[in-house]
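A short write-up of the structure that comes next.
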Amino acid sequence: MHVHLRDPGFPERENFESGTRAAAAGGVTTVIDMPNTVPATVTLKAFNEKKAIVDKKSLVDYGFIGGAGEVPAKDIREVAQAGATAFKSFLIARFKELAASDYTLLKHMELLGELDRPLLVHAENGDLVDKFMEEAVAAGRTDPMAHCEFRPPICEIEATQRCVTLAAETDVHLHICHMTAAGAVDIVEWAQAMGQNVTGETSTNYLLFTQDTMKKRGPYAKVDPPLRSKDDQLRLWEALNDGTIGVLASDHAPYTKEEKERGFDNIYDAPSGGVVIETTLPLMLDAVNKDKISLERLVEVFSTNPAMMNGLYPKKGDLMLGADADVVICDMDKAFHIKGENLQTIQKITPYEDMKGKGMPIMTLVRGEVVFEDGQVIGKPGYGSFQMPLE
């Protein structure tokens with residue numbers, strides 16, 4: 001439920017055909033694309049144009065998250081009516097109209113509560129992030145570790161607390177994306193205990209890597225928020241297993257090799273994000289084999305809960321009479337060795353290069369049709385069907 005397939009806007013990074021080929025190979029039957037394409041998915045016109053492009057390309061089913069940020073209420077209503085499953089706001093200024101002031105954040109929470117659409121938030125304090133980055137550059141710290149050391153957990157913790165506080169005044173379902181910090185998890189846990197409709201999400205980046213990974217993998221491991229400490233990582237696993245964090249998402253966000261490798265000279269010149277959609281499920285099946293999470297819980301956080309949150313359940317997210325026959329068959333004993341050159345995406349670079357494990361999807365069916373089998377993607381572009389919240 002969290003991918004950036006770069007279509008339209010950046011076809012050299014990824015597109016909906018290559019991205020959904022990778023999804024099919026990775027045991028993903030439905031993808032929900034984020035709004036920071038070009039143009040951003042913030043108007044009905046942009047929404048419909050994006051849908052027309054994607055409808056011809058997608059091998060698996062798909063949906064769209066609309067942009068909130070500083071977008072007028074009229075546009076949000078129209079995009080919701082067109083079928084956006086949720087809306088996204090950033091608390092950092094990286095994405096212009098998608099970055100929200102506190103006032104607009106509150107107003108959009110009220111509106112989305114009324115529309116019964118979740119608000120997804122990139123929760124980092126933009127002012128702190130900017131000032132800490134200035135500190136790092138002034139100190140001559142442009143090495144990969146500076147991205148973690150000068151973008152500390154307090155940026156995420158404060159922003160998460162602010163969102164929870166504002167959301168308490170409304171009926172919105174608040175969802176905190178890509179959680180990394182133990183302190184932020186504690187805030188979400190407290191909000192849930194107080195009866196708020198607040199959910200959290202994390203990804204394999206944060207479950208499998210720590211900030212020390214930056215020393216080895218450099219800009220390939222650069223993500224926002226950054227990788228954290230081992231203690232933070234352990235808290236994420238605990239929260240994923242006990243229900244505090246309800247969603248595992250890939251946050252697939254490809255960039256070109258040239259764009260990423262600028263970060264070896266200056267980490268701030270490299271964009272954040274990576275090629276991860278095809279490897280998320282195998283890496284988590286390996287975690288099941290290592291008793292870090294149960295298979296049942298993995299199904300909940302990677303399938304059922306995301307389908308519920310996006311209004312697609314029970315059509316999606318379960319195996320029951322009347323549901324779409326979206327089925328992924330896995331071989332828990334099948335070994336994998338991740339090599340970028342073997343991936344289906346346009347970009348043959350991955351933060352997980354050379355990692356090994358056991359547990360692989362061997363067949364993927366979307367609405368009863370086999371789109372991936374025995375290592376081969378056999379689905380056709382245009383088969384994927386647009387998904388919107390069920391009434």
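Residue names in the structure tokens use chain letters A, B, ... in the order shown, residue numbers from 1 in each chain, and ligand numbers from 1 in the order shown.
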Query raised in the report: Can you list, as a PyMOL selection string, every protein, DNA or RNA residue that comes within 9 Å of range 278-286 of chain A when you count only C-alpha atoms, leaving out same-chain residues fewer than 2 positions away?
Result: chain A and resi 19+21-28+203-204+208+249-250+252+275-276+288-293+295+298+302+330+332+336+338+343-345+352+355-361
Go ahead and write the selection's residues with N, CA and C atoms as a compact mmCIF listing (two decimals), in the first residue's frame.
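Okay, this is what ended up in selection.txt:
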```
# COMPACT_ATOMS: atom_id res chain seq x y z
N GLY A 19 7.34 -1.64 -12.84
CA GLY A 19 7.10 -1.73 -11.40
C GLY A 19 6.14 -2.84 -11.03
N ARG A 21 5.57 -5.52 -12.95
CA ARG A 21 6.27 -6.79 -13.24
C ARG A 21 7.01 -7.24 -11.99
N ALA A 22 7.70 -6.28 -11.37
CA ALA A 22 8.43 -6.58 -10.14
C ALA A 22 7.47 -6.97 -9.02
N ALA A 23 6.33 -6.30 -8.95
CA ALA A 23 5.33 -6.64 -7.93
C ALA A 23 4.87 -8.08 -8.09
N ALA A 24 4.53 -8.46 -9.32
CA ALA A 24 4.07 -9.83 -9.57
C ALA A 24 5.13 -10.85 -9.17
N ALA A 25 6.39 -10.56 -9.53
CA ALA A 25 7.48 -11.47 -9.18
C ALA A 25 7.72 -11.53 -7.69
N GLY A 26 7.35 -10.45 -6.98
CA GLY A 26 7.55 -10.39 -5.55
C GLY A 26 6.35 -10.82 -4.74
N GLY A 27 5.31 -11.38 -5.40
CA GLY A 27 4.15 -11.86 -4.66
C GLY A 27 3.23 -10.74 -4.19
N VAL A 28 3.13 -9.68 -5.00
CA VAL A 28 2.24 -8.56 -4.68
C VAL A 28 1.16 -8.50 -5.75
N SER A 203 8.80 -0.72 7.24
CA SER A 203 9.24 -1.46 6.05
C SER A 203 10.49 -2.27 6.38
N THR A 204 10.88 -3.12 5.43
CA THR A 204 12.04 -3.98 5.64
C THR A 204 13.32 -3.18 5.82
N LEU A 208 15.44 -4.62 8.94
CA LEU A 208 16.62 -5.44 8.63
C LEU A 208 17.93 -4.66 8.67
N ALA A 249 4.89 -2.18 4.60
CA ALA A 249 4.84 -1.71 3.21
C ALA A 249 6.24 -1.66 2.66
N SER A 250 6.36 -1.71 1.34
CA SER A 250 7.70 -1.72 0.75
C SER A 250 8.31 -0.33 0.69
N HIS A 252 8.62 1.25 -2.04
CA HIS A 252 9.42 1.13 -3.27
C HIS A 252 9.54 2.50 -3.92
N VAL A 275 14.97 0.40 -4.57
CA VAL A 275 14.27 -0.66 -5.30
C VAL A 275 14.01 -1.81 -4.33
N VAL A 276 12.74 -1.97 -3.91
CA VAL A 276 12.47 -2.93 -2.83
C VAL A 276 11.21 -3.77 -3.00
N VAL A 288 10.15 -15.03 8.80
CA VAL A 288 9.25 -16.06 9.35
C VAL A 288 10.05 -17.32 9.69
N ASN A 289 10.90 -17.72 8.77
CA ASN A 289 11.73 -18.92 8.99
C ASN A 289 12.67 -18.75 10.18
N LYS A 290 13.02 -17.51 10.48
CA LYS A 290 13.91 -17.22 11.61
C LYS A 290 13.14 -16.89 12.88
N ASP A 291 11.82 -17.10 12.85
CA ASP A 291 10.94 -16.91 14.02
C ASP A 291 10.90 -15.47 14.51
N LYS A 292 11.08 -14.51 13.59
CA LYS A 292 10.96 -13.11 13.97
C LYS A 292 9.51 -12.63 13.88
N ILE A 293 8.70 -13.33 13.11
CA ILE A 293 7.29 -13.00 12.94
C ILE A 293 6.59 -14.27 12.47
N LEU A 295 3.83 -16.46 10.24
CA LEU A 295 3.28 -16.35 8.89
C LEU A 295 1.91 -15.69 8.93
N LEU A 298 2.33 -11.99 9.33
CA LEU A 298 2.82 -11.41 8.09
C LEU A 298 1.68 -11.20 7.10
N PHE A 302 0.79 -7.41 5.77
CA PHE A 302 1.17 -7.19 4.38
C PHE A 302 -0.02 -7.27 3.43
N CYS A 330 3.79 -19.70 -1.83
CA CYS A 330 5.18 -19.54 -1.43
C CYS A 330 5.82 -20.87 -1.10
N MET A 332 8.50 -22.08 1.36
CA MET A 332 9.25 -21.59 2.51
C MET A 332 10.67 -22.14 2.57
N PHE A 336 16.99 -17.85 -1.71
CA PHE A 336 17.17 -16.72 -2.62
C PHE A 336 18.52 -16.06 -2.36
N ILE A 338 19.84 -12.27 -3.53
CA ILE A 338 19.39 -11.06 -4.21
C ILE A 338 20.52 -10.46 -5.05
N LEU A 343 16.60 -8.44 -11.11
CA LEU A 343 15.31 -7.86 -10.76
C LEU A 343 14.53 -7.41 -11.99
N GLN A 344 13.20 -7.32 -11.84
CA GLN A 344 12.33 -6.95 -12.95
C GLN A 344 12.24 -5.45 -13.16
N THR A 345 12.64 -4.66 -12.19
CA THR A 345 12.53 -3.21 -12.30
C THR A 345 13.52 -2.66 -13.32
N TYR A 352 19.56 -4.26 -1.00
CA TYR A 352 19.70 -5.62 -0.47
C TYR A 352 20.64 -6.48 -1.31
N MET A 355 22.21 -10.13 -0.42
CA MET A 355 21.62 -10.75 0.75
C MET A 355 20.99 -12.08 0.37
N LYS A 356 21.07 -13.03 1.30
CA LYS A 356 20.58 -14.38 1.06
C LYS A 356 19.56 -14.76 2.13
N GLY A 357 18.70 -15.69 1.78
CA GLY A 357 17.72 -16.17 2.74
C GLY A 357 16.93 -17.32 2.18
N LYS A 358 15.83 -17.64 2.84
CA LYS A 358 15.01 -18.78 2.44
C LYS A 358 13.53 -18.41 2.57
N GLY A 359 12.78 -18.66 1.49
CA GLY A 359 11.36 -18.35 1.44
C GLY A 359 11.07 -17.47 0.23
N MET A 360 10.34 -18.03 -0.75
CA MET A 360 10.11 -17.31 -2.01
C MET A 360 8.69 -17.51 -2.52
N PRO A 361 8.07 -16.46 -3.07
CA PRO A 361 6.84 -16.68 -3.83
C PRO A 361 7.17 -17.42 -5.12
```
Extract, using only C-alpha atoms, all DNA, RNA and protein residues at most 9 Å from Phe132 in chain A, discarding same-chain residues fewer than 6 positions from it, and format them as a short mmCIF file (atom, residue, chain, number, x, y, z; two decimals) with N, CA, C and O atoms, in the first residue's frame.
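Now in out_33.cif:
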```
data_model
loop_
_atom_site.label_atom_id
_atom_site.label_comp_id
_atom_site.auth_asym_id
_atom_site.auth_seq_id
_atom_site.Cartn_x
_atom_site.Cartn_y
_atom_site.Cartn_z
N PHE A 150 22.64 13.39 11.75
CA PHE A 150 22.13 14.77 11.76
C PHE A 150 20.64 14.83 11.37
O PHE A 150 20.14 15.89 11.03
N ARG A 151 19.98 13.70 11.42
CA ARG A 151 18.52 13.67 11.23
C ARG A 151 17.96 12.78 12.34
O ARG A 151 17.45 11.69 12.09
N PRO A 152 18.07 13.23 13.58
CA PRO A 152 17.85 12.36 14.75
C PRO A 152 16.38 12.00 14.95
O PRO A 152 15.48 12.63 14.37
#
```
Query raised in the report: Which one is closest to Phe209 in chain A: A:Pro226, A:Gly375, A:Gly274, A:Gly183? Count only C-alpha atoms.
Result: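 Checking each of A:Pro226, A:Gly375, A:Gly274, A:Gly183 against Phe209 in chain A, counting only C-alpha atoms, the winner is A:Pro226.
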Requested in this report: Name the residues of range 87-314 of chain A that come out as helix (DSSP H, G or I) in a backbone DSSP run; write them as a PyMOL selection string.
Outcome: chain A and resi 93-98+102-115+126-138+144-149+153-167+182-193+204-208+213-221+230-242+257-264+267-269+280-289+295-309
Query raised in the report: To one decimal place, how far is CA of Ala139 in chain A from CA of Glu261 in chain A in Å?
Result: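 Value for the CA of Ala139 in chain A-CA of Glu261 in chain A distance: 22.0 Å.
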Skip Ala123 in chain A itself and residues of its chain fewer than 3 positions away, then list as a PDB file with N, CA, C and O atoms, in the first residue's frame all residues within 7 Å of it, counting only C-alpha atoms.
```pdb
ATOM      1  N   PHE A  90       2.862  15.539   3.771  1.00  0.00           N
ATOM      2  CA  PHE A  90       4.232  15.546   4.270  1.00  0.00           C
ATOM      3  C   PHE A  90       4.387  16.696   5.254  1.00  0.00           C
ATOM      4  O   PHE A  90       3.830  17.776   5.039  1.00  0.00           O
ATOM      5  N   LEU A  91       5.157  16.473   6.308  1.00  0.00           N
ATOM      6  CA  LEU A  91       5.467  17.562   7.224  1.00  0.00           C
ATOM      7  C   LEU A  91       6.842  18.148   6.933  1.00  0.00           C
ATOM      8  O   LEU A  91       7.360  18.936   7.711  1.00  0.00           O
ATOM      9  N   GLU A 156      11.229  12.851  14.046  1.00  0.00           N
ATOM     10  CA  GLU A 156      10.075  11.977  13.822  1.00  0.00           C
ATOM     11  C   GLU A 156       9.166  11.928  15.044  1.00  0.00           C
ATOM     12  O   GLU A 156       7.928  11.933  14.916  1.00  0.00           O
ATOM     13  N   ALA A 159       7.026  15.178  15.346  1.00  0.00           N
ATOM     14  CA  ALA A 159       6.016  15.261  14.292  1.00  0.00           C
ATOM     15  C   ALA A 159       4.897  14.252  14.520  1.00  0.00           C
ATOM     16  O   ALA A 159       3.719  14.553  14.275  1.00  0.00           O
ATOM     17  N   THR A 160       5.235  13.072  14.984  1.00  0.00           N
ATOM     18  CA  THR A 160       4.224  12.058  15.278  1.00  0.00           C
ATOM     19  C   THR A 160       3.315  12.532  16.402  1.00  0.00           C
ATOM     20  O   THR A 160       2.082  12.412  16.327  1.00  0.00           O
ATOM     21  N   ILE A 176       0.595   6.759  10.267  1.00  0.00           N
ATOM     22  CA  ILE A 176       1.974   7.255  10.229  1.00  0.00           C
ATOM     23  C   ILE A 176       2.803   6.319   9.349  1.00  0.00           C
ATOM     24  O   ILE A 176       2.978   5.140   9.667  1.00  0.00           O
TER      25      ILE A 176
END
```
List the spatial neighbours of Tyr383 in chain A as a PDB file with C-alpha atoms, in the first residue's frame - criterion: any atom at most 8 Å away, only C-alpha atoms, same-chain residues fewer than 4 positions off excluded.
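So the final result, stored in selection.pdb, reads:
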```
ATOM      1  CA  LYS A  56      -2.608   0.324 -20.168  1.00  0.00           C
ATOM      2  CA  LYS A  57       0.509  -0.737 -18.268  1.00  0.00           C
ATOM      3  CA  SER A  58      -0.272  -2.443 -14.971  1.00  0.00           C
ATOM      4  CA  LEU A  59       0.118  -6.224 -14.690  1.00  0.00           C
ATOM      5  CA  VAL A  60      -1.478  -6.303 -11.216  1.00  0.00           C
ATOM      6  CA  ASP A  61      -4.406  -4.456  -9.667  1.00  0.00           C
ATOM      7  CA  GLY A 379       1.099 -11.452 -16.877  1.00  0.00           C
TER       8      GLY A 379
END
```
